[in-house]
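Next comes data-v2.cif, a file with mmCIF, C-alpha atoms.
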```
data_work
loop_
_atom_site.label_atom_id
_atom_site.label_comp_id
_atom_site.auth_asym_id
_atom_site.auth_seq_id
_atom_site.Cartn_x
_atom_site.Cartn_y
_atom_site.Cartn_z
CA MET A 1 -9.93 142.72 145.47
CA ASP A 2 -11.10 139.70 147.41
CA PRO A 3 -9.71 140.06 150.94
CA PHE A 4 -9.92 136.33 151.42
CA GLN A 5 -7.71 135.54 148.39
CA PRO A 6 -4.07 135.07 149.33
CA GLU A 7 -1.76 137.75 148.03
CA VAL A 8 0.52 136.54 145.23
CA ASP A 9 4.02 137.91 145.00
CA SER A 10 4.12 140.11 141.91
CA LYS A 11 7.85 139.47 141.45
CA LYS A 12 8.40 136.08 139.86
CA SER A 13 11.79 134.49 140.39
CA ASN A 14 13.89 133.73 137.32
CA LYS A 15 16.08 131.38 139.28
CA PRO A 16 16.33 128.09 137.34
CA LYS A 17 15.67 124.78 138.93
CA TYR A 18 18.86 123.36 140.35
CA SER A 19 20.46 120.43 138.56
CA LYS A 20 24.01 119.21 138.34
CA PHE A 21 23.85 119.44 134.56
CA THR A 22 22.92 123.13 134.41
CA GLN A 23 25.39 123.97 137.16
CA GLN A 24 28.18 121.98 135.43
CA GLU A 25 28.70 119.74 138.43
CA LEU A 26 28.58 116.39 136.64
CA PRO A 27 31.47 114.01 137.32
CA ALA A 28 34.41 114.86 135.05
CA CYS A 29 38.09 114.17 134.69
CA LYS A 30 39.98 117.13 136.12
CA PRO A 31 43.69 116.29 135.98
CA LEU A 32 46.04 118.14 138.25
CA LEU A 33 48.89 119.41 136.08
CA THR A 34 51.82 118.78 138.36
CA PRO A 35 55.38 119.40 137.09
CA GLY A 36 55.88 115.66 136.68
CA ILE A 37 52.79 115.24 134.49
CA VAL A 38 53.63 118.26 132.31
CA ILE A 39 57.25 117.20 131.81
CA SER A 40 56.21 113.61 131.04
CA ALA A 41 53.66 114.76 128.46
CA PHE A 42 56.19 116.93 126.62
CA LEU A 43 58.77 114.14 126.71
CA LEU A 44 56.26 111.61 125.33
CA VAL A 45 55.25 113.87 122.43
CA GLY A 46 58.89 114.66 121.63
CA ILE A 47 60.01 111.02 121.76
CA LEU A 48 57.16 110.02 119.41
CA PHE A 49 57.34 112.91 116.95
CA VAL A 50 61.10 113.08 116.34
CA PRO A 51 61.43 109.49 114.95
CA ILE A 52 58.28 109.97 112.84
CA GLY A 53 59.73 113.19 111.40
CA LEU A 54 63.08 111.56 110.64
CA ALA A 55 61.38 108.59 108.98
CA SER A 56 59.18 110.89 106.88
CA LEU A 57 62.15 112.99 105.77
CA SER A 58 64.14 109.86 104.91
CA ALA A 59 61.26 108.48 102.82
CA SER A 60 60.84 111.82 101.05
CA GLN A 61 64.56 112.02 100.21
CA GLU A 62 64.44 108.55 98.60
CA ILE A 63 61.82 109.71 96.09
CA VAL A 64 63.22 110.57 92.67
CA GLU A 65 61.42 113.41 90.94
CA LEU A 66 61.98 115.03 87.55
CA ILE A 67 60.28 118.34 86.75
CA ASP A 68 60.53 119.86 83.29
CA ARG A 69 58.73 123.11 82.53
CA TYR A 70 58.12 123.20 78.80
CA ASP A 71 55.51 125.90 78.13
CA ILE A 72 58.08 128.59 77.29
CA SER A 73 60.65 126.60 75.32
CA CYS A 74 58.01 124.76 73.28
CA VAL A 75 56.71 127.96 71.67
CA PRO A 76 59.19 129.40 69.15
CA MET A 77 57.30 132.68 68.69
CA ASP A 78 56.94 135.83 70.77
CA ASP A 79 53.19 135.74 70.15
CA LYS A 80 52.55 132.65 72.25
CA VAL A 81 48.76 133.10 72.37
CA GLY A 82 48.58 133.40 68.58
CA PHE A 83 50.76 130.32 68.18
CA ILE A 84 48.71 128.12 70.49
CA GLN A 85 45.38 129.25 69.03
CA ASN A 86 46.44 128.66 65.44
CA SER A 87 45.22 125.19 64.47
CA LYS A 88 47.61 125.03 61.50
CA THR A 89 50.87 125.32 63.47
CA ASP A 90 52.86 122.24 64.39
CA LYS A 91 52.81 122.05 68.17
CA THR A 92 55.11 119.05 68.49
CA CYS A 93 57.94 119.63 70.97
CA THR A 94 60.74 117.23 71.91
CA ARG A 95 62.40 117.36 75.31
CA THR A 96 65.41 115.33 76.50
CA LEU A 97 65.88 114.53 80.19
CA THR A 98 68.61 112.66 82.06
CA VAL A 99 67.57 110.48 84.99
CA PRO A 100 69.77 111.35 88.01
CA LYS A 101 68.99 108.24 90.10
CA HIS A 102 67.45 104.82 89.71
CA MET A 103 63.67 105.18 89.46
CA LYS A 104 61.71 102.16 90.66
CA SER A 105 58.37 101.36 89.07
CA PRO A 106 55.66 102.40 89.10
CA ILE A 107 56.80 105.83 87.91
CA HIS A 108 53.96 108.33 88.01
CA ILE A 109 53.60 110.87 85.22
CA TYR A 110 51.87 114.14 86.14
CA TYR A 111 51.11 117.35 84.33
CA GLN A 112 51.59 120.41 86.51
CA ILE A 113 49.74 123.65 85.83
CA GLY A 114 50.47 126.94 87.55
CA ASP A 115 48.29 130.01 88.11
CA PHE A 116 45.12 128.15 87.13
CA TYR A 117 42.40 128.85 89.68
CA GLN A 118 40.23 125.76 89.51
CA ASN A 119 38.82 126.75 92.90
CA HIS A 120 37.10 129.87 91.50
CA ARG A 121 33.46 129.80 92.58
CA ARG A 122 31.94 130.21 89.12
CA TYR A 123 34.30 127.62 87.64
CA VAL A 124 33.64 125.04 90.36
CA LYS A 125 29.84 125.45 90.02
CA SER A 126 29.91 125.14 86.22
CA ARG A 127 28.98 121.45 86.05
CA SER A 128 25.94 119.19 86.35
CA ASP A 129 26.53 116.24 88.65
CA LYS A 130 23.17 114.69 87.82
CA GLN A 131 23.91 114.86 84.11
CA LEU A 132 27.26 113.14 84.65
CA ARG A 133 25.60 110.33 86.58
CA HIS A 134 22.25 109.70 84.87
CA LYS A 135 21.44 109.20 81.21
CA ASP A 136 17.99 110.79 81.54
CA ALA A 137 19.42 114.01 83.02
CA ALA A 138 21.15 115.28 79.86
CA HIS A 139 18.84 118.32 79.80
CA LEU A 140 19.91 119.53 83.27
CA THR A 141 22.36 122.20 82.11
CA LYS A 142 21.16 125.20 84.12
CA ASP A 143 24.38 125.47 86.16
CA CYS A 144 26.66 124.89 83.15
CA GLU A 145 26.39 128.21 81.33
CA PRO A 146 28.00 129.34 79.09
CA GLU A 147 28.79 125.75 78.08
CA GLY A 148 25.35 124.27 78.74
CA ASN A 149 23.79 124.02 75.30
CA SER A 150 25.08 124.13 71.74
CA ALA A 151 24.20 126.93 69.32
CA ASP A 152 21.08 125.06 68.21
CA GLY A 153 19.90 124.50 71.79
CA VAL A 154 20.96 120.85 72.14
CA PRO A 155 22.42 119.92 75.58
CA ILE A 156 26.18 119.42 75.79
CA VAL A 157 27.31 116.27 77.62
CA PRO A 158 29.35 116.75 79.74
CA CYS A 159 28.42 120.38 80.16
CA GLY A 160 30.15 123.19 82.03
CA LEU A 161 33.46 125.04 82.03
CA ILE A 162 35.34 122.33 83.92
CA ALA A 163 34.77 119.69 81.26
CA TRP A 164 35.16 122.27 78.46
CA SER A 165 38.67 123.19 79.69
CA LEU A 166 39.90 119.57 79.81
CA PHE A 167 43.71 119.33 79.56
CA ASN A 168 44.79 118.13 76.12
CA ASP A 169 48.60 118.03 76.01
CA THR A 170 49.94 114.55 75.25
CA TYR A 171 53.26 112.89 76.09
CA THR A 172 55.10 110.10 74.25
CA ILE A 173 58.09 108.83 76.22
CA SER A 174 61.13 106.87 75.05
CA VAL A 175 63.94 105.55 77.25
CA ASN A 176 67.31 105.39 75.48
CA LYS A 177 65.44 105.80 72.16
CA LYS A 178 63.21 102.83 72.94
CA ALA A 179 59.48 103.55 73.15
CA THR A 180 58.00 103.09 76.62
CA GLU A 181 54.34 102.34 77.23
CA VAL A 182 52.41 104.74 79.44
CA ASN A 183 49.62 103.00 81.36
CA LYS A 184 46.60 105.29 81.60
CA LYS A 185 44.30 102.82 83.33
CA ASP A 186 43.17 103.27 86.94
CA ILE A 187 44.46 106.82 87.18
CA ALA A 188 41.12 108.06 88.58
CA TRP A 189 39.61 107.37 91.98
CA GLN A 190 37.50 104.23 91.94
CA SER A 191 34.81 105.98 93.97
CA ASP A 192 34.54 108.71 91.32
CA LYS A 193 34.23 106.17 88.53
CA ASN A 194 31.54 104.19 90.34
CA ASN A 195 29.51 106.94 91.99
CA LYS A 196 29.94 110.19 90.05
CA PHE A 197 30.06 109.16 86.40
CA GLY A 198 27.47 106.93 84.78
CA ASN A 199 28.38 103.88 82.71
CA ASP A 200 25.45 104.59 80.38
CA VAL A 201 26.21 108.30 79.85
CA TYR A 202 28.08 109.12 76.63
CA PRO A 203 29.53 112.42 75.42
CA SER A 204 27.50 114.38 72.90
CA ASN A 205 27.87 117.81 71.25
CA PHE A 206 31.13 118.24 73.16
CA GLN A 207 33.68 120.86 71.93
CA ARG A 208 31.56 121.71 68.84
CA GLY A 209 31.26 125.43 69.47
CA ASN A 210 33.24 128.27 67.93
CA LEU A 211 35.74 128.34 70.80
CA ILE A 212 37.43 125.05 71.68
CA GLY A 213 38.50 124.85 75.31
CA GLY A 214 40.51 121.65 75.52
CA ALA A 215 40.51 117.96 74.70
CA GLN A 216 37.93 116.05 72.68
CA LEU A 217 36.10 113.02 74.11
CA ASN A 218 35.39 109.71 72.40
CA GLU A 219 31.60 109.56 72.02
CA SER A 220 31.64 105.73 71.95
CA ILE A 221 33.11 105.45 75.47
CA PRO A 222 30.94 106.10 78.58
CA LEU A 223 31.96 108.82 81.00
CA SER A 224 32.78 106.27 83.71
CA GLU A 225 35.68 105.05 81.53
CA GLN A 226 36.96 108.46 80.44
CA GLU A 227 39.58 108.62 83.19
CA ASP A 228 41.38 111.72 81.93
CA LEU A 229 38.08 113.58 82.26
CA ILE A 230 37.39 112.12 85.73
CA VAL A 231 40.83 113.18 86.97
CA TRP A 232 40.35 116.70 85.57
CA MET A 233 36.85 117.08 87.02
CA ARG A 234 38.21 116.66 90.57
CA THR A 235 39.10 120.33 90.91
CA ALA A 236 42.22 121.48 92.71
CA ALA A 237 42.18 123.67 95.81
CA LEU A 238 45.36 125.62 94.98
CA PRO A 239 46.35 127.56 91.84
CA THR A 240 49.39 125.35 91.20
CA PHE A 241 48.45 121.69 91.03
CA ARG A 242 49.38 118.31 89.59
CA LYS A 243 47.11 115.73 88.04
CA LEU A 244 47.97 112.16 87.18
CA TYR A 245 48.51 111.51 83.47
CA GLY A 246 49.66 107.88 83.58
CA ARG A 247 52.26 105.43 84.87
CA ILE A 248 55.40 103.76 83.59
CA GLU A 249 55.45 100.17 84.83
CA THR A 250 59.18 99.50 84.27
CA ASP A 251 62.26 100.70 86.15
CA ILE A 252 64.42 103.46 84.71
CA MET A 253 68.11 103.33 85.55
CA ALA A 254 70.38 106.19 86.53
CA ASN A 255 71.81 108.23 83.62
CA ASP A 256 69.21 106.89 81.18
CA GLN A 257 68.11 109.38 78.54
CA LEU A 258 64.39 110.18 78.39
CA THR A 259 63.02 111.57 75.16
CA VAL A 260 59.57 113.13 75.59
CA VAL A 261 57.59 114.13 72.51
CA ILE A 262 54.98 116.66 73.63
CA GLN A 263 51.93 117.85 71.76
CA ASN A 264 51.76 121.35 73.23
CA ASN A 265 48.05 122.02 72.71
CA TYR A 266 46.78 123.41 76.00
CA ASN A 267 46.45 127.17 76.22
CA THR A 268 47.86 128.49 79.47
CA TYR A 269 49.34 131.53 77.75
CA SER A 270 46.12 133.55 77.68
CA PHE A 271 46.06 133.82 81.47
CA GLY A 272 49.82 133.74 82.18
CA GLY A 273 49.87 130.17 83.45
CA SER A 274 52.64 127.60 83.29
CA LYS A 275 52.93 123.92 82.34
CA ALA A 276 55.40 121.27 83.42
CA LEU A 277 55.91 117.54 83.04
CA VAL A 278 56.62 115.66 86.27
CA LEU A 279 57.95 112.10 86.63
CA SER A 280 58.07 110.82 90.18
CA THR A 281 58.39 107.67 92.20
CA THR A 282 56.45 107.21 95.44
CA SER A 283 56.96 105.88 98.95
CA TRP A 284 54.80 105.07 101.95
CA ILE A 285 54.17 108.80 102.51
CA GLY A 286 53.12 109.36 98.89
CA GLY A 287 54.94 111.86 96.69
CA LYS A 288 57.97 113.98 97.48
CA SER A 289 57.23 116.40 100.31
CA ASN A 290 59.46 117.50 103.18
CA PHE A 291 56.68 119.39 104.94
CA ILE A 292 55.37 116.45 107.01
CA GLY A 293 58.84 115.47 108.19
CA VAL A 294 59.83 119.05 109.03
CA ALA A 295 56.54 119.63 110.87
CA TYR A 296 56.95 116.50 113.03
CA LEU A 297 60.59 117.32 113.75
CA THR A 298 59.78 120.90 114.68
CA ILE A 299 57.04 119.91 117.13
CA GLY A 300 59.13 117.07 118.55
CA VAL A 301 62.23 119.20 119.12
CA LEU A 302 60.11 122.01 120.59
CA CYS A 303 58.45 119.62 123.07
CA LEU A 304 61.79 118.11 124.09
CA SER A 305 63.23 121.60 124.58
CA LEU A 306 60.29 122.62 126.75
CA ALA A 307 60.61 119.42 128.78
CA MET A 308 64.32 120.06 129.39
CA SER A 309 63.62 123.68 130.32
CA PHE A 310 60.92 122.68 132.82
CA ILE A 311 63.24 120.09 134.37
CA VAL A 312 66.00 122.66 134.84
CA LEU A 313 63.54 125.23 136.17
CA TYR A 314 62.05 122.72 138.59
CA MET A 315 65.49 121.73 139.89
CA VAL A 316 66.78 125.29 140.22
CA LYS A 317 63.63 126.89 141.64
CA PRO A 318 61.35 124.16 142.97
CA ARG A 319 57.90 125.13 144.19
CA THR A 320 55.91 123.36 146.82
CA LEU A 321 52.71 121.92 145.42
CA GLY A 322 49.61 123.41 146.97
CA ASP A 323 47.02 121.39 148.85
CA PRO A 324 44.64 120.00 146.18
CA SER A 325 41.85 119.74 148.77
CA TYR A 326 41.32 123.48 148.36
CA LEU A 327 40.39 123.09 144.70
CA SER A 328 36.77 123.88 143.98
CA TRP A 329 35.88 120.42 142.69
CA ASN A 330 37.38 118.76 145.77
CA ARG A 331 35.28 120.79 148.24
CA ASP A 332 31.89 119.63 149.39
CA THR A 333 29.12 121.15 147.30
CA LEU A 334 26.29 122.94 148.99
CA ASP A 335 22.96 121.20 149.21
CA TYR A 336 20.38 122.77 146.98
CA PRO A 337 16.65 122.12 147.28
CA ASN A 338 15.05 120.21 144.46
#
```
Translate this file's structure into C-alpha cells.
Amino acid sequence: MDPFQPEVDSKKSNKPKYSKFTQQELPACKPLLTPGIVISAFLLVGILFVPIGLASLSASQEIVELIDRYDISCVPMDDKVGFIQNSKTDKTCTRTLTVPKHMKSPIHIYYQIGDFYQNHRRYVKSRSDKQLRHKDAAHLTKDCEPEGNSADGVPIVPCGLIAWSLFNDTYTISVNKKATEVNKKDIAWQSDKNNKFGNDVYPSNFQRGNLIGGAQLNESIPLSEQEDLIVWMRTAALPTFRKLYGRIETDIMANDQLTVVIQNNYNTYSFGGSKALVLSTTSWIGGKSNFIGVAYLTIGVLCLSLAMSFIVLYMVKPRTLGDPSYLSWNRDTLDYPN
C-alpha cells in the first residue's frame, strides 16, 4: 500500500442528495380542517345533492314503462326446447297490453334477455374486428372458432359466436287494432357504424351450418347498415340486459290497447334464460332508473346530517383550536447542504 496515497473511507454513504422534491418539501396546498370548513363542506355537498336527487327521482317517475315477459306463455308445450328447435312449428304469439299512462314519442322498444352471459371471456373474444371493418380481411377467422369457417373451409362473414347468436325474435305492433310503424333506423351508435363496421363488407356463408344460432343477414346490405347486428355486437356487461329494437314515433294515449304479434324464434330455453318486450319513454336522465336519484338523496341527506351533528357537537363541547404555527409545514426547515 502506497503510504503517500490518502486513505479512502471503505464505507460509502447511501444518503441521497438533498432536494425538496425527494424530501416532499415542494410548495403544496395544506388546508387546515377547522370545524367551520368541515361543516361548510358537508352543508355544500348536501345542499347540492338533495335537489339533484329529487329532480332525478321526479324525472324517473315520469317515465312510462311497459314490460311483458313472453317466453313462457308463448310456448304451449312442456318441451320448450323441442318446440323452439322445431322449424315446422308455428311460433307466432299474440300479446295484448293496456297502456297505463300517456306515452310521449319517441317510444323505445327493447328486447330484454335474462341469464345470458354475453360477458363470458370466450364469447366476447369470438369475433374478428378486422374482418368486420375491412373487405380484404375476410380470412382472419382465427379468433372466431367454432364459427370461423364453413364446413368446406370458406370464411364466414361475420364470424364468431356473437354474430352467430344474433337475436331473431320480431315484433309487429298495433295500437287499437291499427298497425303502427316501428322505426329501426339509427338504433345503433353512429361511432360503431362508422368505425367498427365496413361499408364494403357484406355477409357471406352466414348461418349455413347444421346448427343455426339466430337471425339471418341480408347479403346485399353492408355490415355498416345492418343495425340489428351492430346493436347485438356491443356485448352487455351484465347477464340481464336490454337492447334497442326500434322506436315508435307517435304518441300512445292512456288506456290504448296494444296488440303485439311476436315471432318467438330465439332459443333462450336451452340455458334457462328469459325474454321480455319492453316499451319505454325517456327523459333527460335516460330510461327509468331510481338508482341515481336515491344515491344522490342518500349522500345529500347523510352530509346534511353530519353537518348538523358537527354543529351541535361544536356548540355543546367546543374545543379551542391549536396554534397552527406548530404544524410541521409552518416551521422553518433545516438548511441542508447541496
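Compared by their closest atoms to Gly160 (chain A), and using only C-alpha atoms, the residues A:Ile221, A:Ile299, A:Leu33, A:Cys144 rank with A:Cys144 nearest.
Atom to atom, CA of Ser40 (chain A) and CA of Ala28 (chain A) stand 22.2 Å apart.
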Contacts between region 198-205 of chain A and region 51-170 of chain A, please, where a residue of region 51-170 of chain A counts if it comes within 12 Å (with all atoms listed in the file); show its shortest atom pair and distance in Å to one decimal, rows by chain and ascending number, as CSV.
```
residue,atom,partner,partner_atom,distance
A:Asp129,CA,A:Gly198,CA,10.1
A:Lys130,CA,A:Gly198,CA,9.4
A:Gln131,CA,A:Val201,CA,8.2
A:Leu132,CA,A:Gly198,CA,6.2
A:Arg133,CA,A:Gly198,CA,4.3
A:His134,CA,A:Gly198,CA,5.9
A:Lys135,CA,A:Val201,CA,5.0
A:Asp136,CA,A:Val201,CA,8.8
A:Ala137,CA,A:Val201,CA,9.4
A:Ala138,CA,A:Val201,CA,8.6
A:His139,CA,A:Ser204,CA,11.8
A:Glu147,CA,A:Asn205,CA,10.5
A:Gly148,CA,A:Asn205,CA,10.2
A:Asn149,CA,A:Asn205,CA,8.5
A:Ser150,CA,A:Asn205,CA,6.9
A:Ala151,CA,A:Asn205,CA,10.0
A:Asp152,CA,A:Asn205,CA,10.4
A:Gly153,CA,A:Asn205,CA,10.4
A:Val154,CA,A:Asn205,CA,7.6
A:Pro155,CA,A:Asn205,CA,7.3
A:Ile156,CA,A:Asn205,CA,5.1
A:Val157,CA,A:Pro203,CA,5.0
A:Pro158,CA,A:Pro203,CA,6.1
A:Cys159,CA,A:Asn205,CA,9.3
A:Ala163,CA,A:Pro203,CA,10.7
A:Trp164,CA,A:Asn205,CA,11.2
```
| task | Run the PyMOL selection byres ((chain A and resi 183) around 8) mentally over the shown coordinates, then write out the matched residues as JSON, numbers by chain, using the chain letters and numbers from the document. | result | {"A": [181, 182, 184, 185, 246, 247, 248, 249]}
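For the residues A:Cys29, A:Ser280, A:Ala215, A:Leu161, ranking by smallest atom-to-atom distance to His120 (chain A) using only C-alpha atoms places A:Leu161 first.
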Please enumerate the residues selected by the PyMOL selection byres ((chain A and resi 272-275) around 8) when evaluated against the supplied file, formatted as a PyMOL selection string. chain A and resi 69-71+111-116+268-271+276-277
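Note that CA of Thr89 (chain A) and CA of Pro146 (chain A) are 28.0 Å apart.
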Chain and number of each residue from the PyMOL selection byres ((chain A and resi 300-305) around 7), as a PDB file with C-alpha atoms, in the coordinates of the input:
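Result written to result.pdb:
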```
ATOM      1  CA  PHE A  42      56.190 116.930 126.620  1.00  0.00           C
ATOM      2  CA  LEU A  43      58.770 114.140 126.710  1.00  0.00           C
ATOM      3  CA  VAL A  45      55.250 113.870 122.430  1.00  0.00           C
ATOM      4  CA  GLY A  46      58.890 114.660 121.630  1.00  0.00           C
ATOM      5  CA  ILE A  47      60.010 111.020 121.760  1.00  0.00           C
ATOM      6  CA  PHE A  49      57.340 112.910 116.950  1.00  0.00           C
ATOM      7  CA  VAL A  50      61.100 113.080 116.340  1.00  0.00           C
ATOM      8  CA  TYR A 296      56.950 116.500 113.030  1.00  0.00           C
ATOM      9  CA  LEU A 297      60.590 117.320 113.750  1.00  0.00           C
ATOM     10  CA  THR A 298      59.780 120.900 114.680  1.00  0.00           C
ATOM     11  CA  ILE A 299      57.040 119.910 117.130  1.00  0.00           C
ATOM     12  CA  LEU A 306      60.290 122.620 126.750  1.00  0.00           C
ATOM     13  CA  ALA A 307      60.610 119.420 128.780  1.00  0.00           C
ATOM     14  CA  MET A 308      64.320 120.060 129.390  1.00  0.00           C
ATOM     15  CA  SER A 309      63.620 123.680 130.320  1.00  0.00           C
TER      16      SER A 309
END
```
Min atom-atom distance to Ala59 (chain A) from the set A:Cys93, A:Ile37, A:Leu44, A:Ile285, counting all atoms listed in the file, belongs to A:Ile285
Please list, as a list of chain:residue names, the residues that have an atom at most 12 Å away from (63.2, 106.5, 101.2) in the coordinates of this file, counting only C-alpha atoms.
A:Leu54, A:Ala55, A:Ser56, A:Leu57, A:Ser58, A:Ala59, A:Ser60, A:Gln61, A:Glu62, A:Ile63, A:Val64, A:Met103, A:Lys104, A:Thr281, A:Thr282, A:Ser283, A:Trp284, A:Ile285, A:Gly286, A:Gly287, A:Lys288, A:Ser289, A:Asn290
